[in-house]
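Colleague: Below is my_file_26.cif; it holds mmCIF, C-alpha atoms and all ligand atoms; chains and numbers go by the auth columns.
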data_structure
#
loop_
_atom_site.group_PDB
_atom_site.id
_atom_site.type_symbol
_atom_site.label_atom_id
_atom_site.label_comp_id
_atom_site.label_asym_id
_atom_site.label_seq_id
_atom_site.Cartn_x
_atom_site.Cartn_y
_atom_site.Cartn_z
_atom_site.B_iso_or_equiv
_atom_site.auth_seq_id
_atom_site.auth_asym_id
ATOM 1 C CA MET A 1 75.484 46.642 84.000 0.00 1 A
ATOM 2 C CA THR A 2 78.479 44.636 82.871 0.00 2 A
ATOM 3 C CA LYS A 3 80.034 45.926 79.718 0.00 3 A
ATOM 4 C CA LYS A 4 80.132 43.297 77.005 0.00 4 A
ATOM 5 C CA GLU A 5 83.565 42.961 75.459 0.00 5 A
ATOM 6 C CA ILE A 6 83.276 43.749 71.770 0.00 6 A
ATOM 7 C CA ASN A 7 85.263 41.381 69.638 0.00 7 A
ATOM 8 C CA ARG A 8 86.512 42.984 66.434 0.00 8 A
ATOM 9 C CA LYS A 9 85.961 39.922 64.281 0.00 9 A
ATOM 10 C CA GLU A 10 82.481 39.290 65.646 0.00 10 A
ATOM 11 C CA PHE A 11 81.583 42.934 65.125 0.00 11 A
ATOM 12 C CA SER A 12 82.896 42.826 61.531 0.00 12 A
ATOM 13 C CA ASP A 13 80.996 39.609 60.835 0.00 13 A
ATOM 14 C CA TRP A 14 77.858 41.168 62.238 0.00 14 A
ATOM 15 C CA LEU A 15 78.315 44.294 60.090 0.00 15 A
ATOM 16 C CA ARG A 16 78.764 42.108 57.021 0.00 16 A
ATOM 17 C CA SER A 17 75.680 40.043 57.866 0.00 17 A
ATOM 18 C CA MET A 18 73.669 43.284 58.085 0.00 18 A
ATOM 19 C CA GLY A 19 74.835 44.195 54.571 0.00 19 A
ATOM 20 C CA ALA A 20 77.705 46.587 55.291 0.00 20 A
ATOM 21 C CA ASP A 21 80.775 46.581 53.084 0.00 21 A
ATOM 22 C CA VAL A 22 83.500 45.963 55.656 0.00 22 A
ATOM 23 C CA GLN A 23 86.912 47.343 54.722 0.00 23 A
ATOM 24 C CA ALA A 24 90.414 47.025 56.133 0.00 24 A
ATOM 25 C CA THR A 25 91.271 49.509 58.868 0.00 25 A
ATOM 26 C CA THR A 26 94.010 52.000 58.013 0.00 26 A
ATOM 27 C CA SER A 27 95.402 52.913 61.434 0.00 27 A
ATOM 28 C CA PRO A 28 95.835 51.277 64.858 0.00 28 A
ATOM 29 C CA TYR A 29 93.169 53.629 66.255 0.00 29 A
ATOM 30 C CA GLU A 30 90.507 52.290 63.945 0.00 30 A
ATOM 31 C CA PHE A 31 88.465 49.431 65.326 0.00 31 A
ATOM 32 C CA ALA A 32 86.236 49.036 62.278 0.00 32 A
ATOM 33 C CA ARG A 33 85.831 50.694 58.892 0.00 33 A
ATOM 34 C CA PHE A 34 82.873 49.966 56.651 0.00 34 A
ATOM 35 C CA ARG A 35 80.552 51.436 54.062 0.00 35 A
ATOM 36 C CA ALA A 36 76.909 51.836 55.022 0.00 36 A
ATOM 37 C CA HIS A 37 74.244 54.374 54.139 0.00 37 A
ATOM 38 C CA GLY A 38 76.377 55.543 51.226 0.00 38 A
ATOM 39 C CA ALA A 39 79.342 56.642 53.341 0.00 39 A
ATOM 40 C CA VAL A 40 82.471 55.288 54.982 0.00 40 A
ATOM 41 C CA GLN A 41 81.844 54.767 58.691 0.00 41 A
ATOM 42 C CA ILE A 42 84.766 54.468 61.084 0.00 42 A
ATOM 43 C CA VAL A 43 84.652 53.233 64.651 0.00 43 A
ATOM 44 C CA TYR A 44 87.669 54.263 66.748 0.00 44 A
ATOM 45 C CA ARG A 45 88.865 52.641 69.933 0.00 45 A
ATOM 46 C CA ARG A 46 90.775 54.766 72.397 0.00 46 A
ATOM 47 C CA GLN A 47 93.603 53.451 74.558 0.00 47 A
ATOM 48 C CA ASN A 48 91.271 53.300 77.556 0.00 48 A
ATOM 49 C CA GLY A 49 89.038 50.956 75.567 0.00 49 A
ATOM 50 C CA ALA A 50 86.260 53.470 74.924 0.00 50 A
ATOM 51 C CA PHE A 51 84.737 53.579 71.472 0.00 51 A
ATOM 52 C CA SER A 52 84.041 56.670 69.471 0.00 52 A
ATOM 53 C CA SER A 53 82.408 57.071 66.092 0.00 53 A
ATOM 54 C CA GLY A 54 79.837 59.076 64.214 0.00 54 A
ATOM 55 C CA GLU A 55 76.182 58.753 65.093 0.00 55 A
ATOM 56 C CA PHE A 56 75.623 55.724 62.874 0.00 56 A
ATOM 57 C CA GLY A 57 78.792 53.954 64.012 0.00 57 A
ATOM 58 C CA MET A 58 77.663 54.310 67.628 0.00 58 A
ATOM 59 C CA GLU A 59 74.241 52.964 66.673 0.00 59 A
ATOM 60 C CA CYS A 60 75.946 49.940 65.129 0.00 60 A
ATOM 61 C CA LEU A 61 77.921 49.265 68.310 0.00 61 A
ATOM 62 C CA ALA A 62 74.753 49.580 70.385 0.00 62 A
ATOM 63 C CA ALA A 63 72.748 47.267 68.099 0.00 63 A
ATOM 64 C CA PHE A 64 75.571 44.715 68.027 0.00 64 A
ATOM 65 C CA THR A 65 75.819 44.759 71.824 0.00 65 A
ATOM 66 C CA ARG A 66 72.063 44.359 72.198 0.00 66 A
ATOM 67 C CA GLY A 67 72.032 41.613 69.573 0.00 67 A
ATOM 68 C CA THR A 68 69.493 43.407 67.375 0.00 68 A
ATOM 69 C CA SER A 69 69.699 43.981 63.652 0.00 69 A
ATOM 70 C CA LEU A 70 70.283 47.264 61.894 0.00 70 A
ATOM 71 C CA ALA A 71 69.821 48.122 58.215 0.00 71 A
ATOM 72 C CA MET A 72 73.011 49.265 56.521 0.00 72 A
ATOM 73 C CA GLY A 73 71.251 50.977 53.618 0.00 73 A
ATOM 74 C CA PHE A 74 73.001 51.531 50.333 0.00 74 A
ATOM 75 C CA THR A 75 76.667 50.627 50.719 0.00 75 A
ATOM 76 C CA GLY A 76 77.688 51.961 47.280 0.00 76 A
ATOM 77 C CA PRO A 77 79.417 52.607 44.996 0.00 77 A
ATOM 78 C CA ARG A 78 76.740 51.095 42.759 0.00 78 A
ATOM 79 C CA HIS A 79 79.000 49.323 40.280 0.00 79 A
ATOM 80 C CA GLY A 80 81.287 47.957 42.941 0.00 80 A
ATOM 81 C CA VAL A 81 78.551 46.081 44.762 0.00 81 A
ATOM 82 C CA GLY A 82 76.764 44.809 41.647 0.00 82 A
ATOM 83 C CA ALA A 83 78.778 41.662 41.034 0.00 83 A
ATOM 84 C CA HIS A 84 79.131 40.920 44.734 0.00 84 A
ATOM 85 C CA LEU A 85 75.403 41.321 45.388 0.00 85 A
ATOM 86 C CA ARG A 86 74.505 39.282 42.345 0.00 86 A
ATOM 87 C CA ALA A 87 76.723 36.431 43.514 0.00 87 A
ATOM 88 C CA ALA A 88 75.078 36.519 46.935 0.00 88 A
ATOM 89 C CA LEU A 89 71.606 36.422 45.380 0.00 89 A
ATOM 90 C CA VAL A 90 72.503 33.561 43.038 0.00 90 A
ATOM 91 C CA GLU A 91 73.768 31.639 46.037 0.00 91 A
ATOM 92 C CA ARG A 92 70.505 32.256 47.903 0.00 92 A
ATOM 93 C CA ASP A 93 67.947 31.916 45.077 0.00 93 A
ATOM 94 C CA GLY A 94 69.684 30.132 42.215 0.00 94 A
ATOM 95 C CA ASP A 95 69.881 31.680 38.766 0.00 95 A
ATOM 96 C CA ALA A 96 66.212 31.584 37.769 0.00 96 A
ATOM 97 C CA CYS A 97 64.297 34.800 37.114 0.00 97 A
ATOM 98 C CA PHE A 98 62.019 35.740 40.032 0.00 98 A
ATOM 99 C CA PHE A 99 59.161 36.512 37.634 0.00 99 A
ATOM 100 C CA CYS A 100 59.283 34.000 34.784 0.00 100 A
ATOM 101 C CA GLY A 101 61.362 31.248 36.403 0.00 101 A
ATOM 102 C CA MET A 102 63.643 30.798 33.406 0.00 102 A
ATOM 103 C CA ILE A 103 67.366 30.336 33.994 0.00 103 A
ATOM 104 C CA MET A 104 69.146 33.577 33.170 0.00 104 A
ATOM 105 C CA PRO A 105 72.515 34.013 31.536 0.00 105 A
ATOM 106 C CA ARG A 106 74.674 36.364 33.650 0.00 106 A
ATOM 107 C CA GLU A 107 74.405 39.210 31.165 0.00 107 A
ATOM 108 C CA ASP A 108 70.599 39.158 31.392 0.00 108 A
ATOM 109 C CA MET A 109 70.471 39.275 35.191 0.00 109 A
ATOM 110 C CA THR A 110 69.310 42.442 36.820 0.00 110 A
ATOM 111 C CA ILE A 111 68.768 43.151 40.487 0.00 111 A
ATOM 112 C CA GLU A 112 65.145 43.913 41.251 0.00 112 A
ATOM 113 C CA HIS A 113 63.927 45.758 44.355 0.00 113 A
ATOM 114 C CA LEU A 114 60.775 44.029 45.643 0.00 114 A
ATOM 115 C CA VAL A 115 59.713 47.221 47.377 0.00 115 A
ATOM 116 C CA ALA A 116 60.781 49.887 44.878 0.00 116 A
ATOM 117 C CA LYS A 117 63.504 52.295 45.933 0.00 117 A
ATOM 118 C CA ASN A 118 61.216 55.267 45.321 0.00 118 A
ATOM 119 C CA LYS A 119 58.778 53.733 47.812 0.00 119 A
ATOM 120 C CA GLY A 120 61.487 53.512 50.419 0.00 120 A
ATOM 121 C CA GLY A 121 62.646 49.963 49.624 0.00 121 A
ATOM 122 C CA PRO A 122 66.123 49.304 51.045 0.00 122 A
ATOM 123 C CA ASP A 123 69.170 48.062 49.120 0.00 123 A
ATOM 124 C CA HIS A 124 69.502 45.179 51.551 0.00 124 A
ATOM 125 C CA THR A 125 69.414 41.646 50.081 0.00 125 A
ATOM 126 C CA ASP A 126 66.154 41.018 51.999 0.00 126 A
ATOM 127 C CA ASN A 127 64.539 43.354 49.474 0.00 127 A
ATOM 128 C CA LEU A 128 66.381 42.122 46.383 0.00 128 A
ATOM 129 C CA VAL A 129 65.804 39.371 43.838 0.00 129 A
ATOM 130 C CA LEU A 130 67.269 38.536 40.443 0.00 130 A
ATOM 131 C CA ALA A 131 65.200 38.958 37.311 0.00 131 A
ATOM 132 C CA HIS A 132 65.597 39.298 33.542 0.00 132 A
ATOM 133 C CA GLU A 133 65.991 42.889 32.473 0.00 133 A
ATOM 134 C CA LYS A 134 62.800 42.505 30.415 0.00 134 A
ATOM 135 C CA CYS A 135 60.785 40.983 33.305 0.00 135 A
ATOM 136 C CA ASN A 136 62.257 43.524 35.701 0.00 136 A
ATOM 137 C CA GLN A 137 61.127 46.379 33.483 0.00 137 A
ATOM 138 C CA SER A 138 57.602 45.070 33.034 0.00 138 A
ATOM 139 C CA ALA A 139 57.088 44.332 36.744 0.00 139 A
ATOM 140 C CA GLY A 140 59.421 46.940 38.210 0.00 140 A
ATOM 141 C CA ALA A 141 56.821 49.556 39.130 0.00 141 A
ATOM 142 C CA ALA A 142 54.152 47.116 40.341 0.00 142 A
ATOM 143 C CA PRO A 143 53.265 46.946 44.037 0.00 143 A
ATOM 144 C CA LEU A 144 54.959 44.192 46.021 0.00 144 A
ATOM 145 C CA ILE A 145 51.768 42.136 46.293 0.00 145 A
ATOM 146 C CA ASP A 146 51.473 41.963 42.488 0.00 146 A
ATOM 147 C CA LYS A 147 55.105 40.913 42.180 0.00 147 A
ATOM 148 C CA ILE A 148 54.479 38.105 44.637 0.00 148 A
ATOM 149 C CA ARG A 149 51.367 37.043 42.703 0.00 149 A
ATOM 150 C CA ILE A 150 53.375 36.885 39.470 0.00 150 A
ATOM 151 C CA HIS A 151 56.047 34.846 41.261 0.00 151 A
ATOM 152 C CA VAL A 152 53.553 32.421 42.822 0.00 152 A
ATOM 153 C CA GLN A 153 51.649 31.912 39.553 0.00 153 A
ATOM 154 C CA MET A 154 54.930 31.157 37.839 0.00 154 A
ATOM 155 C CA GLN A 155 55.823 28.591 40.534 0.00 155 A
ATOM 156 C CA ILE A 156 52.431 26.862 40.166 0.00 156 A
ATOM 157 C CA LYS A 157 52.792 26.752 36.391 0.00 157 A
ATOM 158 C CA LYS A 158 56.291 25.322 36.731 0.00 158 A
ATOM 159 C CA GLN A 159 55.357 22.607 39.219 0.00 159 A
ATOM 160 C CA GLY A 160 51.911 21.809 37.862 0.00 160 A
ATOM 161 C CA SER A 161 48.769 21.966 39.999 0.00 161 A
ATOM 162 C CA PRO A 162 48.749 19.887 43.171 0.00 162 A
ATOM 163 C CA ALA A 163 46.795 16.633 42.828 0.00 163 A
HETATM 164 ZN ZN ZN B . 62.189 36.538 33.458 0.00 201 A
#
Take the structure in the file and give it back as structure tokens.
Ligand SMILES: [Zn+2]

Modeller:
Amino acid sequence: MTKKEINRKEFSDWLRSMGADVQATTSPYEFARFRAHGAVQIVYRRQNGAFSSGEFGMECLAAFTRGTSLAMGFTGPRHGVGAHLRAALVERDGDACFFCGMIMPREDMTIEHLVAKNKGGPDHTDNLVLAHEKCNQSAGAAPLIDKIRIHVQMQIKKQGSPA
């Protein structure tokens, strides 16, 4: 098997696209440093080119090499990612509430987990939408299917029934 050369920038971009919080490396031995699953993960590269890391860092290298995706979990700290996540969600979805469809002022925006955290829902953007605090609270505990129903009904109401 030929060993695929791992490009630092491509690996960092991949980590970021999976939801990791990529940070600057702090020594020449560090190949990558990022937050994922609530902890700082460091991938080292030895002089002979071999990589070493913790279990999760090695998993990341393997997934990157295979070209598969890997969930980065909660990158924390909570308050640090809030604004960053919110900006990413606004860029993806616009600034309308997922449930009622009304445009939200920034201070009313909350980040809603479609699959609730206590049901194992990840902190990845795939599982996150923006909603009013009020709408978030009233729908927050509902099963995903009900949340989607609320969302779809709101879309139909907004656009009017098809002719
Ligand atoms: Zn709302």

Colleague: So which residues get picked by the PyMOL selection byres (((chain A and resi 43-60) around 7) and not hetatm) here, written as a short mmCIF file (atom, residue, chain, number, x, y, z; two decimals) with C-alpha atoms, in the coordinates of the input?

Modeller:
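This is the output file selection_9.cif:
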data_model
loop_
_atom_site.label_atom_id
_atom_site.label_comp_id
_atom_site.auth_asym_id
_atom_site.auth_seq_id
_atom_site.Cartn_x
_atom_site.Cartn_y
_atom_site.Cartn_z
CA TYR A 29 93.17 53.63 66.26
CA GLU A 30 90.51 52.29 63.94
CA PHE A 31 88.46 49.43 65.33
CA ALA A 32 86.24 49.04 62.28
CA ARG A 33 85.83 50.69 58.89
CA GLN A 41 81.84 54.77 58.69
CA ILE A 42 84.77 54.47 61.08
CA LEU A 61 77.92 49.26 68.31
CA ALA A 62 74.75 49.58 70.39
CA ALA A 63 72.75 47.27 68.10
CA PHE A 64 75.57 44.72 68.03
#

Colleague: Give me the result of the PyMOL selection byres (((not hetatm)) within 12 of (chain A and resi 201)) on this file, residue by residue, as a PyMOL selection string.

Modeller: chain A and resi 95-105+108-112+129-140+150-151+154

Colleague: List the residues selected by the PyMOL selection byres (((chain A and resi 72) around 10) and not hetatm) in the file shown, writing them as a PyMOL selection string.

Modeller: chain A and resi 15-21+34-38+56+60+69-71+73-75+122-124

Colleague: Quick one: of A:Arg86, A:Glu107, A:Val115, A:Ala39, who's nearest to Ile148 of chain A, counting all atoms listed in the file?

Modeller: A:Val115

Colleague: Between atom CA of Asn127 of chain A and atom CA of Arg8 of chain A, what is the distance, to one decimal in Å?

Modeller: 27.8 Å

Colleague: Between atom CA of Leu85 of chain A and atom CA of Arg66 of chain A, what is the spacing in Å?

Modeller: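 Between atom CA of Arg66 of chain A and atom CA of Leu85 of chain A the gap is 27.2 Å.
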
Colleague: Quick one, how far is atom CA of Pro143 of chain A from atom CA of Leu128 of chain A?

Modeller: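 We find that atom CA of Pro143 of chain A and atom CA of Leu128 of chain A lie 14.2 Å from each other.
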